[in-house]
$ cat target_26.tsv   # TSV, C-alpha atoms
chain	number	residue	atom	x	y	z
A	1	MET	CA	-13.13	63.63	-72.44
A	2	TYR	CA	-14.22	60.26	-71.05
A	3	LEU	CA	-16.19	58.04	-73.45
A	4	VAL	CA	-17.70	55.03	-71.70
A	5	ASP	CA	-18.37	51.78	-73.60
A	6	ALA	CA	-21.70	51.54	-71.79
A	7	HIS	CA	-22.98	48.14	-72.92
A	8	LEU	CA	-19.85	46.45	-71.59
A	9	TYR	CA	-20.70	47.65	-68.08
A	10	VAL	CA	-24.41	46.92	-68.49
A	11	PHE	CA	-23.67	43.29	-69.37
A	12	ARG	CA	-21.08	42.96	-66.60
A	13	SER	CA	-23.67	44.17	-64.11
A	14	TYR	CA	-26.33	41.85	-65.53
A	15	HIS	CA	-24.13	38.79	-65.04
A	16	ALA	CA	-22.58	39.86	-61.73
A	17	LEU	CA	-25.65	40.77	-59.67
A	18	PRO	CA	-28.60	38.70	-58.47
A	19	ALA	CA	-32.01	39.43	-59.97
A	20	MET	CA	-33.72	42.56	-58.66
A	21	ARG	CA	-37.06	44.13	-59.49
A	22	ALA	CA	-38.46	47.60	-59.08
A	23	PRO	CA	-41.68	48.03	-57.06
A	24	ASP	CA	-43.66	47.84	-60.32
A	25	GLY	CA	-42.01	44.50	-61.19
A	26	THR	CA	-39.55	45.78	-63.82
A	27	PRO	CA	-36.21	43.90	-63.79
A	28	SER	CA	-33.56	46.31	-62.52
A	29	HIS	CA	-30.37	44.57	-61.38
A	30	ALA	CA	-28.33	45.39	-64.52
A	31	ALA	CA	-29.45	49.02	-64.35
A	32	TYR	CA	-28.67	49.13	-60.62
A	33	GLY	CA	-25.16	47.77	-61.17
A	34	PHE	CA	-24.57	50.08	-64.12
A	35	ALA	CA	-25.72	53.14	-62.17
A	36	SER	CA	-23.55	52.12	-59.23
A	37	THR	CA	-20.54	51.75	-61.53
A	38	LEU	CA	-21.16	55.19	-63.05
A	39	VAL	CA	-21.39	56.80	-59.61
A	40	ARG	CA	-18.03	55.29	-58.73
A	41	MET	CA	-16.50	56.33	-62.05
A	42	LEU	CA	-17.67	59.91	-61.72
A	43	ALA	CA	-16.52	60.16	-58.12
A	44	GLU	CA	-13.06	58.73	-58.83
A	45	LEU	CA	-12.37	60.23	-62.25
A	46	ALA	CA	-13.86	63.70	-61.60
A	47	PRO	CA	-14.20	64.32	-65.35
A	48	THR	CA	-14.78	67.66	-67.04
A	49	HIS	CA	-16.47	65.90	-70.00
A	50	PHE	CA	-18.21	62.54	-69.87
A	51	ALA	CA	-20.47	60.51	-72.17
A	52	CYS	CA	-21.96	57.03	-72.10
A	53	VAL	CA	-22.04	55.44	-75.54
A	54	PHE	CA	-24.64	52.74	-76.17
A	55	ASP	CA	-25.31	50.31	-79.01
A	56	HIS	CA	-28.50	51.48	-80.68
A	57	ALA	CA	-29.50	47.83	-81.21
A	58	MET	CA	-27.96	44.38	-80.89
A	59	THR	CA	-27.24	44.32	-84.65
A	60	SER	CA	-25.47	46.71	-87.02
A	61	PHE	CA	-24.32	47.02	-90.62
A	62	ARG	CA	-21.67	44.39	-89.83
A	63	ASN	CA	-24.27	41.64	-89.61
A	64	ALA	CA	-25.06	42.19	-93.30
A	65	LEU	CA	-21.37	41.88	-94.19
A	66	LEU	CA	-20.93	38.63	-92.26
A	67	PRO	CA	-24.12	36.82	-91.13
A	68	THR	CA	-22.24	34.92	-88.41
A	69	TYR	CA	-20.96	38.14	-86.83
A	70	LYS	CA	-21.75	38.06	-83.09
A	71	LEU	CA	-23.75	34.89	-83.65
A	72	GLY	CA	-25.79	34.14	-80.55
A	73	ARG	CA	-25.42	37.69	-79.26
A	74	THR	CA	-27.93	39.53	-81.45
A	75	GLU	CA	-30.75	39.38	-78.91
A	76	ALA	CA	-30.66	40.44	-75.28
A	77	PRO	CA	-32.08	38.18	-72.56
A	78	ALA	CA	-35.74	38.93	-71.90
A	79	ASP	CA	-35.10	40.38	-68.43
A	80	LEU	CA	-32.27	42.59	-69.73
A	81	GLU	CA	-34.05	44.16	-72.69
A	82	PRO	CA	-36.21	46.57	-70.62
A	83	GLN	CA	-33.18	47.63	-68.60
A	84	PHE	CA	-31.32	49.35	-71.44
A	85	ASP	CA	-33.72	52.30	-71.29
A	86	LEU	CA	-33.27	52.40	-67.50
A	87	CYS	CA	-29.49	52.49	-67.96
A	88	GLU	CA	-29.74	55.43	-70.35
A	89	GLU	CA	-32.12	57.15	-67.94
A	90	ALA	CA	-29.67	56.58	-65.08
A	91	ALA	CA	-26.78	57.97	-67.13
A	92	ARG	CA	-28.72	61.15	-67.91
A	93	ALA	CA	-29.78	61.52	-64.28
A	94	LEU	CA	-26.11	61.39	-63.32
A	95	GLY	CA	-25.40	64.22	-65.74
A	96	ALA	CA	-23.76	62.14	-68.46
A	97	ALA	CA	-24.37	62.73	-72.15
A	98	VAL	CA	-25.80	59.68	-73.92
A	99	LEU	CA	-24.72	58.83	-77.47
A	100	SER	CA	-25.83	56.14	-79.95
A	101	ALA	CA	-26.58	55.86	-83.67
A	102	PRO	CA	-28.88	53.60	-85.73
A	103	ASP	CA	-27.12	50.78	-87.64
A	104	PHE	CA	-23.79	51.48	-85.94
A	105	GLU	CA	-22.14	49.99	-82.89
A	106	ALA	CA	-21.03	51.91	-79.84
A	107	ASP	CA	-17.41	51.39	-81.00
A	108	ASP	CA	-18.09	53.42	-84.16
A	109	VAL	CA	-19.79	56.19	-82.21
A	110	ILE	CA	-16.88	56.28	-79.76
A	111	ALA	CA	-14.38	56.59	-82.62
A	112	THR	CA	-16.34	59.41	-84.26
A	113	ALA	CA	-16.88	61.29	-80.99
A	114	ALA	CA	-13.22	60.84	-80.04
A	115	ASP	CA	-12.08	62.38	-83.33
A	116	ALA	CA	-14.39	65.34	-82.75
A	117	ALA	CA	-13.11	65.84	-79.20
A	118	LEU	CA	-9.49	65.70	-80.36
A	119	ALA	CA	-10.22	68.24	-83.09
A	120	GLN	CA	-11.59	70.57	-80.42
A	121	GLY	CA	-8.42	70.32	-78.33
A	122	ALA	CA	-9.40	67.66	-75.79
A	123	SER	CA	-7.57	64.49	-74.89
A	124	VAL	CA	-9.67	61.32	-74.77
A	125	VAL	CA	-9.96	58.36	-72.42
A	126	VAL	CA	-12.07	55.45	-73.71
A	127	VAL	CA	-13.40	53.51	-70.73
A	128	THR	CA	-13.64	49.90	-71.88
A	129	GLY	CA	-12.23	46.43	-71.55
A	130	ASP	CA	-12.70	45.69	-75.27
A	131	LYS	CA	-9.43	45.00	-77.07
A	132	ASP	CA	-10.98	46.03	-80.41
A	133	LEU	CA	-10.86	49.67	-79.29
A	134	ALA	CA	-7.09	49.53	-78.82
A	135	GLN	CA	-6.99	50.70	-82.46
A	136	LEU	CA	-8.09	54.14	-81.23
A	137	VAL	CA	-5.02	54.63	-79.04
A	138	ARG	CA	-2.83	57.40	-80.41
A	139	GLU	CA	0.94	57.45	-80.60
A	140	ASP	CA	0.98	61.01	-79.24
A	141	GLY	CA	-0.80	59.90	-76.06
A	142	ARG	CA	-3.95	61.98	-76.62
A	143	THR	CA	-6.18	58.90	-76.72
A	144	ARG	CA	-5.79	55.94	-74.38
A	145	LEU	CA	-7.95	53.15	-72.99
A	146	LEU	CA	-8.95	52.67	-69.37
A	147	ASP	CA	-10.26	49.38	-68.03
A	148	PHE	CA	-12.02	50.80	-65.01
A	149	ALA	CA	-12.68	47.44	-63.34
A	150	LYS	CA	-9.03	46.39	-63.53
A	151	GLN	CA	-7.70	49.94	-63.07
A	152	THR	CA	-5.35	49.44	-66.03
A	153	SER	CA	-4.58	51.92	-68.78
A	154	LEU	CA	-3.37	51.26	-72.32
A	155	ASP	CA	-1.27	53.79	-74.19
A	156	ALA	CA	0.57	52.96	-77.43
A	157	ALA	CA	3.51	51.35	-75.61
A	158	ALA	CA	1.14	49.19	-73.55
A	159	VAL	CA	-0.74	48.10	-76.70
A	160	ARG	CA	2.56	46.95	-78.21
A	161	ALA	CA	3.53	45.16	-75.01
A	162	ARG	CA	0.18	43.35	-74.79
A	163	PHE	CA	-0.44	42.45	-78.45
A	164	GLY	CA	2.94	42.79	-80.14
A	165	VAL	CA	1.55	45.24	-82.72
A	166	SER	CA	0.90	48.95	-82.97
A	167	PRO	CA	-2.58	50.39	-82.29
A	168	ALA	CA	-3.11	50.99	-86.02
A	169	GLN	CA	-2.47	47.27	-86.69
A	170	ILE	CA	-5.14	45.96	-84.30
A	171	PRO	CA	-7.74	45.31	-87.09
A	172	ASP	CA	-5.10	43.39	-89.10
A	173	TYR	CA	-4.14	41.47	-85.95
A	174	LEU	CA	-7.76	40.51	-85.24
A	175	ALA	CA	-8.21	39.40	-88.86
A	176	LEU	CA	-5.32	36.97	-88.40
A	177	VAL	CA	-6.06	35.61	-84.91
A	178	GLY	CA	-9.86	36.03	-84.90
A	179	ASP	CA	-12.03	37.21	-82.05
A	180	ALA	CA	-14.17	34.64	-80.24
A	181	VAL	CA	-16.22	37.33	-78.48
A	182	ASP	CA	-17.53	38.70	-81.78
A	183	ASN	CA	-17.44	35.30	-83.51
A	184	LEU	CA	-14.86	36.54	-86.02
A	185	PRO	CA	-12.85	33.73	-87.63
A	186	GLY	CA	-9.08	34.00	-87.83
A	187	VAL	CA	-6.66	32.24	-90.14
A	188	PRO	CA	-6.42	28.61	-88.96
A	189	GLY	CA	-3.20	27.98	-87.08
A	190	ILE	CA	-2.15	31.61	-86.74
A	191	GLY	CA	-1.89	32.71	-83.13
A	192	PRO	CA	-0.87	35.97	-81.46
A	193	LYS	CA	2.89	35.37	-81.81
A	194	SER	CA	2.90	34.51	-85.51
A	195	ALA	CA	0.41	37.33	-86.23
A	196	ALA	CA	2.72	39.82	-84.52
A	197	GLN	CA	5.71	38.48	-86.46
A	198	LEU	CA	3.89	38.81	-89.77
A	199	LEU	CA	2.71	42.35	-89.08
A	200	ALA	CA	6.17	43.38	-87.85
A	201	ALA	CA	7.63	42.10	-91.11
A	202	PHE	CA	4.97	43.23	-93.61
A	203	GLY	CA	2.98	45.98	-91.88
A	204	ARG	CA	-0.56	45.22	-93.05
A	205	LEU	CA	-2.68	42.22	-93.87
A	206	ASP	CA	-2.86	42.96	-97.60
A	207	ALA	CA	0.94	43.22	-97.78
A	208	ILE	CA	1.54	39.73	-96.38
A	209	PRO	CA	2.81	37.50	-99.22
A	210	THR	CA	1.68	33.93	-99.74
A	211	ASP	CA	5.27	32.85	-100.45
A	212	ALA	CA	6.31	30.56	-97.58
A	213	ALA	CA	9.94	31.59	-97.98
A	214	ALA	CA	9.03	35.14	-96.92
A	215	TRP	CA	7.28	33.72	-93.86
A	216	ARG	CA	10.39	31.73	-92.96
A	217	ARG	CA	12.49	34.87	-93.22
A	218	ALA	CA	10.03	36.56	-90.84
A	219	GLY	CA	10.74	33.82	-88.29
A	220	VAL	CA	7.28	32.20	-88.37
A	221	ARG	CA	7.29	28.60	-87.19
A	222	GLY	CA	5.52	26.16	-89.51
A	223	ALA	CA	5.78	28.73	-92.30
A	224	ASP	CA	4.93	26.38	-95.16
A	225	ALA	CA	1.65	25.12	-93.71
A	226	LEU	CA	0.58	28.52	-92.34
A	227	ALA	CA	1.33	30.34	-95.60
A	228	ALA	CA	-0.85	27.82	-97.45
A	229	ARG	CA	-3.69	28.31	-94.96
A	230	PHE	CA	-3.34	32.07	-95.23
A	231	GLU	CA	-3.62	31.88	-99.02
A	232	MET	CA	-6.88	29.93	-98.68
A	233	SER	CA	-8.26	32.30	-96.02
A	234	ARG	CA	-6.99	35.62	-97.36
A	235	ASP	CA	-10.27	36.93	-98.77
A	236	LEU	CA	-12.15	36.10	-95.58
A	237	ALA	CA	-9.39	37.67	-93.49
A	238	LEU	CA	-9.71	40.91	-95.47
A	239	ARG	CA	-13.46	40.91	-94.79
A	240	VAL	CA	-12.86	40.26	-91.10
A	241	ARG	CA	-10.46	43.22	-91.01
A	242	GLU	CA	-13.23	45.40	-92.44
A	243	LEU	CA	-15.55	44.21	-89.68
A	244	ALA	CA	-12.92	44.78	-86.99
A	245	THR	CA	-12.14	48.31	-88.18
A	246	VAL	CA	-14.20	50.93	-86.36
A	247	ARG	CA	-15.91	53.63	-88.39
A	248	HIS	CA	-15.03	57.29	-87.84
A	249	ASP	CA	-17.86	58.79	-89.89
A	250	VAL	CA	-21.04	58.09	-87.93
A	251	PRO	CA	-23.68	60.75	-88.72
A	252	GLY	CA	-24.59	62.90	-85.73
A	253	ALA	CA	-21.92	61.40	-83.46
A	254	ALA	CA	-19.53	64.36	-83.34
A	255	PRO	CA	-21.04	66.73	-80.76
A	256	ALA	CA	-19.42	69.91	-79.57
A	257	LEU	CA	-17.46	69.58	-76.34
A	258	ALA	CA	-19.90	71.89	-74.58
A	259	ALA	CA	-22.63	69.30	-75.10
A	260	LEU	CA	-20.52	66.71	-73.30
A	261	ALA	CA	-19.46	68.79	-70.31
A	262	TRP	CA	-20.19	67.10	-66.99
A	263	ARG	CA	-21.71	69.42	-64.41
A	264	GLY	CA	-22.70	66.83	-61.83
A	265	PRO	CA	-25.90	64.83	-61.31
A	266	ASP	CA	-29.36	66.18	-62.03
A	267	ALA	CA	-30.47	65.87	-58.40
A	268	ALA	CA	-34.23	66.01	-58.99
A	269	ARG	CA	-34.12	63.58	-61.89
A	270	ALA	CA	-31.88	61.17	-60.00
A	271	GLN	CA	-34.08	61.29	-56.90
A	272	ALA	CA	-37.22	60.56	-58.92
A	273	LEU	CA	-35.54	57.62	-60.67
A	274	CYS	CA	-34.25	56.16	-57.41
A	275	GLU	CA	-37.65	56.47	-55.75
A	276	ARG	CA	-39.36	54.79	-58.72
A	277	LEU	CA	-36.90	51.90	-58.71
A	278	GLY	CA	-36.46	51.61	-54.94
A	279	TRP	CA	-32.77	52.45	-54.96
A	280	LYS	CA	-32.14	53.89	-51.51
A	281	GLY	CA	-28.39	53.26	-51.21
A	282	ILE	CA	-27.56	54.73	-54.60
A	283	ALA	CA	-29.71	57.78	-53.87
A	284	GLN	CA	-27.46	58.63	-50.92
A	285	ARG	CA	-24.30	58.12	-53.00
A	286	ILE	CA	-25.67	60.34	-55.76
A	287	ALA	CA	-26.42	63.09	-53.24
A	288	ALA	CA	-22.82	62.87	-51.99
A	289	LEU	CA	-21.56	62.96	-55.59
A	290	ALA	CA	-23.66	66.04	-56.32
A	291	ALA	CA	-22.17	67.85	-53.34
A	292	LYS	CA	-18.65	66.84	-54.32
A	293	SER	CA	-19.11	67.81	-57.97
A	294	ALA	CA	-20.56	71.27	-57.37
A	295	PRO	CA	-17.37	72.98	-58.74
A	296	HIS	CA	-18.06	71.34	-62.13
A	297	ALA	CA	-21.20	73.42	-62.55
A	298	GLY	CA	-19.19	76.12	-64.31
A	299	VAL	CA	-17.69	73.81	-66.96
A	300	SER	CA	-18.82	74.90	-70.43
A	301	GLY	CA	-16.55	73.26	-72.99

$ encode --input "target_26.tsv" --output "structure tokens"
Amino acid sequence: MYLVDAHLYVFRSYHALPAMRAPDGTPSHAAYGFASTLVRMLAELAPTHFACVFDHAMTSFRNALLPTYKLGRTEAPADLEPQFDLCEEAARALGAAVLSAPDFEADDVIATAADAALAQGASVVVVTGDKDLAQLVREDGRTRLLDFAKQTSLDAAAVRARFGVSPAQIPDYLALVGDAVDNLPGVPGIGPKSAAQLLAAFGRLDAIPTDAAAWRRAGVRGADALAARFEMSRDLALRVRELATVRHDVPGAAPALAALAWRGPDAARAQALCERLGWKGIAQRIAALAAKSAPHAGVSG
């Protein structure tokens, strides 16, 4: 089961490609790049089950918990806004299921859908470059991350090698070091190394003592000053951990595997979309993908 963090690839396409417009004047370069990326993904990965997971909106319940959450990123550029619907349309034309949920982020939908897939006997690959989702990686190897652009995969051992903590500790880690992408504050002075040392010694954020002597025993440099800063920032850090923890209980985001089976592109739908948007090159690639994916037509769940 491949679950694609769709907005990541939409935004990458938006920033990577020059402006394009459909014959009717609609901006289309982000949608073009996204569709092109999906064609490549589907051709290379040859999935049996595949879904694109979108943010329902640029805000979620997290903005009410911390008003500065994703500050400056709560509105899409004017020429990108109309392209989200085109991206969803392109995903459906390529035969992908499309998932989203009001008031939740794509990360939460991915977590909920991944749990459902695992419960039905599937293994899960989350296609993303977002470190937040490393918390979904399972120790038994049944869930891993794939950064498709970099062609790198993260299992539990790779998460430990990269961050110095286990997958389950990623929210605690982010609460300590912060996350500039989502405008999440960390504890002043605590970096990746000291955060990893603290979590190795104490396990979870709420188990970290404010006693500097315990920090010294954990090998943290500048223990006295950092312990004092942690004491002052502890309540905020606990709130940041809540924000960084993905939800696994999104209503309507746990479809049956059969609903996520990939059977190849919808040729007629894809052709109509490409003609409307003037996408000649992609139309040829989609036709080749449809011919290559014909054996998937029998996949049911």

$ closest_residue --input "target_26.tsv" --among "A:Ala168, A:Ala149, A:Ala272, A:Ala93" --to "A:Val137" --atoms "all atoms listed in the file"
A:Ala168

$ closest_residue --input "target_26.tsv" --among "A:Phe34, A:Tyr14, A:Tyr69, A:Phe54" --to "A:Val181" --atoms "only C-alpha atoms"
A:Tyr69

$ residues_around --input "target_26.tsv" --residues "A:Ala225" --least-positions-apart "3" --cutoff "12 Å" --atoms "only C-alpha atoms" --output "list in words"
Val187, Pro188, Gly189, Ile190, Thr210, Asp211, Ala212, Ala213, Trp215, Arg216, Val220, Arg221, Gly222, Ala228, Arg229, Phe230, Glu231 and Met232 of chain A

$ write_last_selection --input "target_26.tsv" --atoms "C-alpha atoms" --output "PDB file, keeping the file's coordinate frame"
ATOM      1  CA  VAL A 187      -6.660  32.240 -90.140  1.00  0.00           C
ATOM      2  CA  PRO A 188      -6.420  28.610 -88.960  1.00  0.00           C
ATOM      3  CA  GLY A 189      -3.200  27.980 -87.080  1.00  0.00           C
ATOM      4  CA  ILE A 190      -2.150  31.610 -86.740  1.00  0.00           C
ATOM      5  CA  THR A 210       1.680  33.930 -99.740  1.00  0.00           C
ATOM      6  CA  ASP A 211       5.270  32.850-100.450  1.00  0.00           C
ATOM      7  CA  ALA A 212       6.310  30.560 -97.580  1.00  0.00           C
ATOM      8  CA  ALA A 213       9.940  31.590 -97.980  1.00  0.00           C
ATOM      9  CA  TRP A 215       7.280  33.720 -93.860  1.00  0.00           C
ATOM     10  CA  ARG A 216      10.390  31.730 -92.960  1.00  0.00           C
ATOM     11  CA  VAL A 220       7.280  32.200 -88.370  1.00  0.00           C
ATOM     12  CA  ARG A 221       7.290  28.600 -87.190  1.00  0.00           C
ATOM     13  CA  GLY A 222       5.520  26.160 -89.510  1.00  0.00           C
ATOM     14  CA  ALA A 228      -0.850  27.820 -97.450  1.00  0.00           C
ATOM     15  CA  ARG A 229      -3.690  28.310 -94.960  1.00  0.00           C
ATOM     16  CA  PHE A 230      -3.340  32.070 -95.230  1.00  0.00           C
ATOM     17  CA  GLU A 231      -3.620  31.880 -99.020  1.00  0.00           C
ATOM     18  CA  MET A 232      -6.880  29.930 -98.680  1.00  0.00           C
TER      19      MET A 232
END

$ closest_residue --input "target_26.tsv" --among "A:Asp85, A:Asp140, A:Asp182, A:Glu242" --to "A:Thr59" --atoms "all atoms listed in the file"
A:Asp182

$ closest_residue --input "target_26.tsv" --among "A:Leu260, A:Leu133, A:Ala267, A:Leu8" --to "A:Ser293" --atoms "all atoms listed in the file"
A:Ala267

$ closest_residue --input "target_26.tsv" --among "A:Gln197, A:Gln169, A:Thr128, A:Gln284" --to "A:Leu154" --atoms "only C-alpha atoms"
A:Thr128

$ axis_aligned_box --input "target_26.tsv" --around "stretch 241-254 of chain A" --padding-each-side "8 Å" --output "JSON"
{"center_x": -17.5, "center_y": 53.8, "center_z": -87.9, "size_x": 30.1, "size_y": 37.1, "size_z": 25.1}

$ residues_around --input "target_26.tsv" --residues "A:Leu257" --least-positions-apart "4" --cutoff "8 Å" --atoms "all atoms listed in the file" --output "list in words"
His49, Ala117, Gln120, Ala261 and Gly301 of chain A

$ closest_residue --input "target_26.tsv" --among "A:Ala122, A:Ile170, A:Ala16, A:Ala51" --to "A:Leu243" --atoms "only C-alpha atoms"
A:Ile170

$ atom_distance --input "target_26.tsv" --atom1 "atom CA of A:Phe11" --atom2 "atom CA of A:Pro167"
25.7 Å

$ residues_around --input "target_26.tsv" --residues "A:Arg204" --least-positions-apart "5" --cutoff "12 Å" --atoms "only C-alpha atoms" --output "PDB file with C-alpha atoms, in the frame of the given file"
ATOM      1  CA  VAL A 165       1.550  45.240 -82.720  1.00  0.00           C
ATOM      2  CA  SER A 166       0.900  48.950 -82.970  1.00  0.00           C
ATOM      3  CA  ALA A 168      -3.110  50.990 -86.020  1.00  0.00           C
ATOM      4  CA  GLN A 169      -2.470  47.270 -86.690  1.00  0.00           C
ATOM      5  CA  ILE A 170      -5.140  45.960 -84.300  1.00  0.00           C
ATOM      6  CA  PRO A 171      -7.740  45.310 -87.090  1.00  0.00           C
ATOM      7  CA  ASP A 172      -5.100  43.390 -89.100  1.00  0.00           C
ATOM      8  CA  TYR A 173      -4.140  41.470 -85.950  1.00  0.00           C
ATOM      9  CA  LEU A 174      -7.760  40.510 -85.240  1.00  0.00           C
ATOM     10  CA  ALA A 175      -8.210  39.400 -88.860  1.00  0.00           C
ATOM     11  CA  LEU A 176      -5.320  36.970 -88.400  1.00  0.00           C
ATOM     12  CA  ALA A 195       0.410  37.330 -86.230  1.00  0.00           C
ATOM     13  CA  ALA A 196       2.720  39.820 -84.520  1.00  0.00           C
ATOM     14  CA  GLN A 197       5.710  38.480 -86.460  1.00  0.00           C
ATOM     15  CA  LEU A 198       3.890  38.810 -89.770  1.00  0.00           C
ATOM     16  CA  LEU A 199       2.710  42.350 -89.080  1.00  0.00           C
ATOM     17  CA  PRO A 209       2.810  37.500 -99.220  1.00  0.00           C
ATOM     18  CA  ALA A 237      -9.390  37.670 -93.490  1.00  0.00           C
ATOM     19  CA  LEU A 238      -9.710  40.910 -95.470  1.00  0.00           C
ATOM     20  CA  ARG A 241     -10.460  43.220 -91.010  1.00  0.00           C
TER      21      ARG A 241
END
